[in-house]
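A.B. asks: Dropping in target.txt, with compact mmCIF, N, CA and C atoms.
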# COMPACT_ATOMS: atom_id res chain seq x y z
N MET V 241 0.82 -1.19 0.00
CA MET V 241 0.00 0.00 0.00
C MET V 241 0.87 1.26 0.00
N LEU V 242 1.87 1.28 0.87
CA LEU V 242 2.77 2.43 0.91
C LEU V 242 3.55 2.57 -0.40
N ASP V 243 3.81 1.43 -1.02
CA ASP V 243 4.53 1.46 -2.29
C ASP V 243 3.71 2.19 -3.35
N LYS V 244 2.40 1.95 -3.40
CA LYS V 244 1.53 2.61 -4.37
C LYS V 244 1.45 4.11 -4.10
N ILE V 245 1.36 4.46 -2.86
CA ILE V 245 1.30 5.89 -2.50
C ILE V 245 2.61 6.56 -2.89
N TRP V 246 3.72 5.87 -2.59
CA TRP V 246 5.02 6.44 -2.92
C TRP V 246 5.15 6.66 -4.44
N ARG V 247 4.74 5.66 -5.25
CA ARG V 247 4.81 5.80 -6.70
C ARG V 247 3.92 6.94 -7.20
N PHE V 248 2.74 7.05 -6.61
CA PHE V 248 1.82 8.13 -7.00
C PHE V 248 2.46 9.48 -6.70
N LEU V 249 2.99 9.64 -5.50
CA LEU V 249 3.62 10.91 -5.13
C LEU V 249 4.83 11.21 -6.02
N LYS V 250 5.60 10.18 -6.31
CA LYS V 250 6.78 10.36 -7.14
C LYS V 250 6.37 10.81 -8.55
N GLN V 251 5.34 10.17 -9.12
CA GLN V 251 4.87 10.56 -10.44
C GLN V 251 4.29 11.98 -10.43
N LEU V 252 3.57 12.31 -9.36
CA LEU V 252 2.99 13.64 -9.24
C LEU V 252 4.08 14.70 -9.21
N ILE V 253 5.12 14.46 -8.42
CA ILE V 253 6.22 15.41 -8.33
C ILE V 253 6.94 15.53 -9.67
N GLN V 254 7.13 14.39 -10.35
CA GLN V 254 7.79 14.44 -11.65
C GLN V 254 6.97 15.24 -12.65
N ARG V 255 5.64 15.08 -12.63
CA ARG V 255 4.78 15.83 -13.55
C ARG V 255 4.80 17.32 -13.23
N LEU V 256 4.82 17.64 -11.94
CA LEU V 256 4.81 19.04 -11.55
C LEU V 256 6.10 19.76 -11.95
N PHE V 257 7.22 19.08 -11.82
CA PHE V 257 8.50 19.74 -12.07
C PHE V 257 9.08 19.44 -13.44
N ARG V 258 8.33 18.73 -14.25
CA ARG V 258 8.80 18.45 -15.61
C ARG V 258 8.80 19.75 -16.39
N THR V 259 9.87 20.00 -17.05
CA THR V 259 9.94 21.22 -17.87
C THR V 259 9.57 20.86 -19.29
N ASN V 260 8.53 21.46 -19.75
CA ASN V 260 8.11 21.26 -21.12
C ASN V 260 8.78 22.32 -21.98
N PRO V 261 9.36 21.90 -23.08
CA PRO V 261 9.98 22.92 -23.95
C PRO V 261 8.88 23.83 -24.49
N LYS V 262 9.18 25.10 -24.45
CA LYS V 262 8.20 26.05 -24.96
C LYS V 262 8.23 26.03 -26.48
N ILE V 263 7.08 25.84 -27.04
CA ILE V 263 6.96 25.84 -28.48
C ILE V 263 6.49 27.22 -28.90
N GLU V 264 7.34 27.90 -29.63
CA GLU V 264 6.98 29.25 -30.07
C GLU V 264 6.20 29.15 -31.37
N PRO V 265 5.11 29.89 -31.43
CA PRO V 265 4.35 29.85 -32.68
C PRO V 265 5.17 30.51 -33.79
N PRO V 266 4.99 30.04 -35.01
CA PRO V 266 5.75 30.66 -36.10
C PRO V 266 5.31 32.11 -36.26
N PRO V 267 6.23 32.97 -36.69
CA PRO V 267 5.86 34.38 -36.86
C PRO V 267 4.77 34.49 -37.92
N PRO V 268 3.85 35.42 -37.73
CA PRO V 268 2.77 35.55 -38.71
C PRO V 268 3.33 35.94 -40.07
N GLN V 269 2.80 35.28 -41.07
CA GLN V 269 3.24 35.56 -42.43
C GLN V 269 2.57 36.83 -42.91
N PRO V 270 3.34 37.77 -43.43
CA PRO V 270 2.70 38.98 -43.94
C PRO V 270 1.85 38.64 -45.16
N GLY V 271 0.71 39.27 -45.23
CA GLY V 271 -0.17 39.04 -46.37
C GLY V 271 0.44 39.62 -47.62
N PRO V 272 -0.05 39.17 -48.74
CA PRO V 272 0.51 39.72 -49.98
C PRO V 272 0.17 41.20 -50.10
N THR V 273 1.14 41.97 -50.51
CA THR V 273 0.90 43.40 -50.66
C THR V 273 0.16 43.63 -51.97
N LEU V 274 -0.76 44.54 -51.93
CA LEU V 274 -1.57 44.84 -53.10
C LEU V 274 -0.85 45.84 -54.00
N THR V 275 -1.14 45.76 -55.27
CA THR V 275 -0.61 46.75 -56.21
C THR V 275 -1.47 48.01 -56.10
N ASP V 276 -0.99 49.09 -56.70
CA ASP V 276 -1.76 50.33 -56.69
C ASP V 276 -3.11 50.14 -57.36
N ALA V 277 -3.14 49.37 -58.44
CA ALA V 277 -4.40 49.13 -59.16
C ALA V 277 -5.37 48.34 -58.28
N GLU V 278 -4.85 47.37 -57.51
CA GLU V 278 -5.71 46.59 -56.62
C GLU V 278 -6.26 47.45 -55.49
N TYR V 279 -5.39 48.30 -54.92
CA TYR V 279 -5.86 49.22 -53.87
C TYR V 279 -6.94 50.15 -54.42
N GLU V 280 -6.72 50.64 -55.62
CA GLU V 280 -7.69 51.56 -56.21
C GLU V 280 -9.03 50.85 -56.44
N ALA V 281 -8.99 49.60 -56.88
CA ALA V 281 -10.22 48.83 -57.09
C ALA V 281 -10.94 48.61 -55.76
N LYS V 282 -10.18 48.29 -54.72
CA LYS V 282 -10.79 48.09 -53.39
C LYS V 282 -11.38 49.40 -52.87
N LEU V 283 -10.70 50.51 -53.12
CA LEU V 283 -11.21 51.81 -52.70
C LEU V 283 -12.54 52.11 -53.40
N MET V 284 -12.61 51.81 -54.69
CA MET V 284 -13.86 52.05 -55.43
C MET V 284 -14.99 51.19 -54.88
N GLU V 285 -14.68 49.92 -54.57
CA GLU V 285 -15.69 49.04 -53.95
C GLU V 285 -16.17 49.63 -52.63
N LEU V 286 -15.21 50.08 -51.85
CA LEU V 286 -15.54 50.64 -50.54
C LEU V 286 -16.38 51.90 -50.68
N LEU V 287 -16.02 52.77 -51.61
CA LEU V 287 -16.79 54.00 -51.82
C LEU V 287 -18.21 53.70 -52.28
N GLU V 288 -18.38 52.66 -53.11
CA GLU V 288 -19.72 52.27 -53.53
C GLU V 288 -20.56 51.84 -52.33
N GLU V 289 -19.95 51.07 -51.43
CA GLU V 289 -20.68 50.61 -50.25
C GLU V 289 -21.05 51.77 -49.34
N VAL V 290 -20.12 52.72 -49.18
CA VAL V 290 -20.42 53.89 -48.35
C VAL V 290 -21.53 54.71 -48.99
N ASN V 291 -21.51 54.82 -50.30
CA ASN V 291 -22.54 55.56 -51.03
C ASN V 291 -23.92 54.91 -50.84
N GLU V 292 -23.93 53.59 -50.65
CA GLU V 292 -25.19 52.87 -50.43
C GLU V 292 -25.66 52.99 -48.98
N GLY V 293 -24.91 53.70 -48.15
CA GLY V 293 -25.34 53.93 -46.78
C GLY V 293 -24.69 53.05 -45.74
N ARG V 294 -23.64 52.35 -46.10
CA ARG V 294 -22.97 51.51 -45.12
C ARG V 294 -22.30 52.37 -44.07
N GLY V 295 -22.22 51.84 -42.85
CA GLY V 295 -21.64 52.60 -41.74
C GLY V 295 -20.21 52.20 -41.44
N ARG V 296 -19.71 52.74 -40.34
CA ARG V 296 -18.33 52.52 -39.93
C ARG V 296 -18.03 51.04 -39.68
N GLY V 297 -18.97 50.34 -39.05
CA GLY V 297 -18.78 48.91 -38.79
C GLY V 297 -18.69 48.11 -40.07
N ASP V 298 -19.51 48.49 -41.05
CA ASP V 298 -19.48 47.80 -42.34
C ASP V 298 -18.15 48.04 -43.05
N VAL V 299 -17.63 49.23 -42.92
CA VAL V 299 -16.33 49.55 -43.53
C VAL V 299 -15.24 48.70 -42.88
N ALA V 300 -15.28 48.61 -41.55
CA ALA V 300 -14.29 47.79 -40.84
C ALA V 300 -14.39 46.33 -41.27
N GLU V 301 -15.60 45.82 -41.41
CA GLU V 301 -15.79 44.44 -41.86
C GLU V 301 -15.27 44.25 -43.28
N PHE V 302 -15.49 45.24 -44.12
CA PHE V 302 -15.00 45.18 -45.50
C PHE V 302 -13.47 45.05 -45.51
N LEU V 303 -12.81 45.90 -44.72
CA LEU V 303 -11.35 45.87 -44.68
C LEU V 303 -10.83 44.54 -44.15
N ILE V 304 -11.51 44.01 -43.13
CA ILE V 304 -11.09 42.72 -42.57
C ILE V 304 -11.29 41.61 -43.61
N ALA V 305 -12.45 41.64 -44.28
CA ALA V 305 -12.75 40.60 -45.27
C ALA V 305 -11.75 40.63 -46.42
N LYS V 306 -11.30 41.81 -46.79
CA LYS V 306 -10.36 41.95 -47.90
C LYS V 306 -8.91 41.85 -47.43
N ARG V 307 -8.73 41.64 -46.12
CA ARG V 307 -7.40 41.53 -45.50
C ARG V 307 -6.54 42.76 -45.75
N ILE V 308 -7.16 43.91 -45.58
CA ILE V 308 -6.46 45.18 -45.76
C ILE V 308 -6.25 45.80 -44.39
N LYS V 309 -5.01 46.10 -44.05
CA LYS V 309 -4.71 46.72 -42.77
C LYS V 309 -4.90 48.22 -42.88
N ASN V 310 -5.41 48.82 -41.80
CA ASN V 310 -5.66 50.26 -41.80
C ASN V 310 -4.41 51.05 -42.15
N GLY V 311 -3.28 50.68 -41.57
CA GLY V 311 -2.04 51.40 -41.82
C GLY V 311 -1.60 51.31 -43.27
N ASP V 312 -1.76 50.12 -43.86
CA ASP V 312 -1.39 49.95 -45.27
C ASP V 312 -2.28 50.78 -46.16
N LEU V 313 -3.58 50.77 -45.86
CA LEU V 313 -4.52 51.56 -46.66
C LEU V 313 -4.22 53.05 -46.53
N ALA V 314 -3.94 53.49 -45.31
CA ALA V 314 -3.65 54.91 -45.09
C ALA V 314 -2.39 55.33 -45.85
N ALA V 315 -1.36 54.48 -45.83
CA ALA V 315 -0.12 54.81 -46.55
C ALA V 315 -0.38 54.87 -48.05
N TRP V 316 -1.17 53.92 -48.55
CA TRP V 316 -1.48 53.95 -49.98
C TRP V 316 -2.30 55.19 -50.32
N LEU V 317 -3.27 55.57 -49.48
CA LEU V 317 -4.08 56.75 -49.75
C LEU V 317 -3.23 58.01 -49.81
N ARG V 318 -2.21 58.10 -48.94
CA ARG V 318 -1.31 59.25 -48.98
C ARG V 318 -0.57 59.30 -50.32
N ARG V 319 -0.02 58.15 -50.73
CA ARG V 319 0.69 58.10 -52.01
C ARG V 319 -0.25 58.42 -53.17
N PHE V 320 -1.46 57.89 -53.10
CA PHE V 320 -2.45 58.11 -54.15
C PHE V 320 -2.82 59.59 -54.23
N GLY V 321 -2.99 60.22 -53.07
CA GLY V 321 -3.32 61.64 -53.03
C GLY V 321 -2.21 62.49 -53.62
N VAL V 322 -0.98 62.15 -53.30
CA VAL V 322 0.16 62.89 -53.85
C VAL V 322 0.18 62.76 -55.37
N ARG V 323 -0.06 61.55 -55.88
CA ARG V 323 -0.08 61.35 -57.34
C ARG V 323 -1.19 62.15 -57.99
N LEU V 324 -2.37 62.17 -57.33
CA LEU V 324 -3.48 62.94 -57.89
C LEU V 324 -3.16 64.43 -57.94
N LEU V 325 -2.57 64.93 -56.86
CA LEU V 325 -2.21 66.35 -56.81
C LEU V 325 -1.15 66.69 -57.85
N GLU V 326 -0.17 65.81 -58.00
CA GLU V 326 0.88 66.06 -58.99
C GLU V 326 0.29 66.06 -60.40
N GLY V 327 -0.65 65.15 -60.64
CA GLY V 327 -1.30 65.09 -61.94
C GLY V 327 -2.15 66.33 -62.21
N ALA V 328 -2.83 66.81 -61.19
CA ALA V 328 -3.65 68.01 -61.34
C ALA V 328 -2.79 69.24 -61.58
N GLN V 329 -1.67 69.34 -60.89
CA GLN V 329 -0.77 70.47 -61.08
C GLN V 329 -0.13 70.44 -62.47
N GLY V 330 0.16 69.22 -62.93
CA GLY V 330 0.76 69.10 -64.25
C GLY V 330 -0.21 69.49 -65.35
N SER V 331 -1.49 69.18 -65.18
CA SER V 331 -2.46 69.52 -66.23
C SER V 331 -2.76 71.01 -66.23
N THR V 332 -2.73 71.68 -65.09
CA THR V 332 -2.98 73.13 -65.06
C THR V 332 -1.76 73.89 -65.55
N ALA V 333 -0.56 73.35 -65.30
CA ALA V 333 0.65 74.03 -65.73
C ALA V 333 0.84 73.92 -67.24
N SER V 334 0.27 72.88 -67.84
CA SER V 334 0.46 72.70 -69.28
C SER V 334 -0.57 73.44 -70.11
N GLY V 335 -1.32 74.34 -69.45
CA GLY V 335 -2.25 75.18 -70.18
C GLY V 335 -3.68 74.69 -70.17
N GLY V 336 -4.02 73.82 -69.20
CA GLY V 336 -5.36 73.25 -69.16
C GLY V 336 -6.34 74.06 -68.41
What does this structure look like when you write it as structure tokens?
C.D. replies:
Amino acid sequence: MLDKIWRFLKQLIQRLFRTNPKIEPPPPQPGPTLTDAEYEAKLMELLEEVNEGRGRGDVAEFLIAKRIKNGDLAAWLRRFGVRLLEGAQGSTASGG
């Protein structure tokens, strides 16, 4: 009887103090980056939905569904805006 108790306690102590190697999850894989044309197409889709009366939550769901990060979209919008402004300045400077 004491032998069984001793084995139980020994196994319990071994389980408690067993060091399990920590398994680190693999780093998240970055999603594929979209081209300017793809971003522009997604923006047009999004603007159509907003025009139909979609709200902030719907916009957030759209971005999640399309796997578009807010920061990536914001950076692309800045670049897109600069290109639009440069194009507008070029057309007015050329006599338009």
A.B. asks: In Å, rounded to a single decimal, give me how far atom N of Glu278 of chain V is from atom N of Val299 of chain V.
C.D. replies: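 Between atom N of Val299 of chain V and atom N of Glu278 of chain V the gap is 19.5 Å.
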A.B. asks: Got a sec: who's within 8 Å of segment 312-320 of chain V, counting all atoms listed in the file, leaving out chain neighbours fewer than 5 positions off, as a list in words?
C.D. replies: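 Those residues are Asp276, Tyr279, Leu325 and Glu326 of chain V.
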A.B. asks: As an exercise, work out the distance from atom CA of Glu280 of chain V to atom CA of Glu292 of chain V in Å and give it to one decimal place.
C.D. replies: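 These atoms are spaced 18.5 Å apart.
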A.B. asks: Mind pulling up the distance from atom C of Gly297 of chain V to atom C of Leu274 of chain V?
C.D. replies: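 So the answer is 22.7 Å.
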A.B. asks: Would you please give, as a PyMOL selection string, all residues of chain V that DSSP assigns to helix (DSSP H, G or I) based on the backbone?
C.D. replies: chain V and resi 242-257+276-291+296-305+310-333
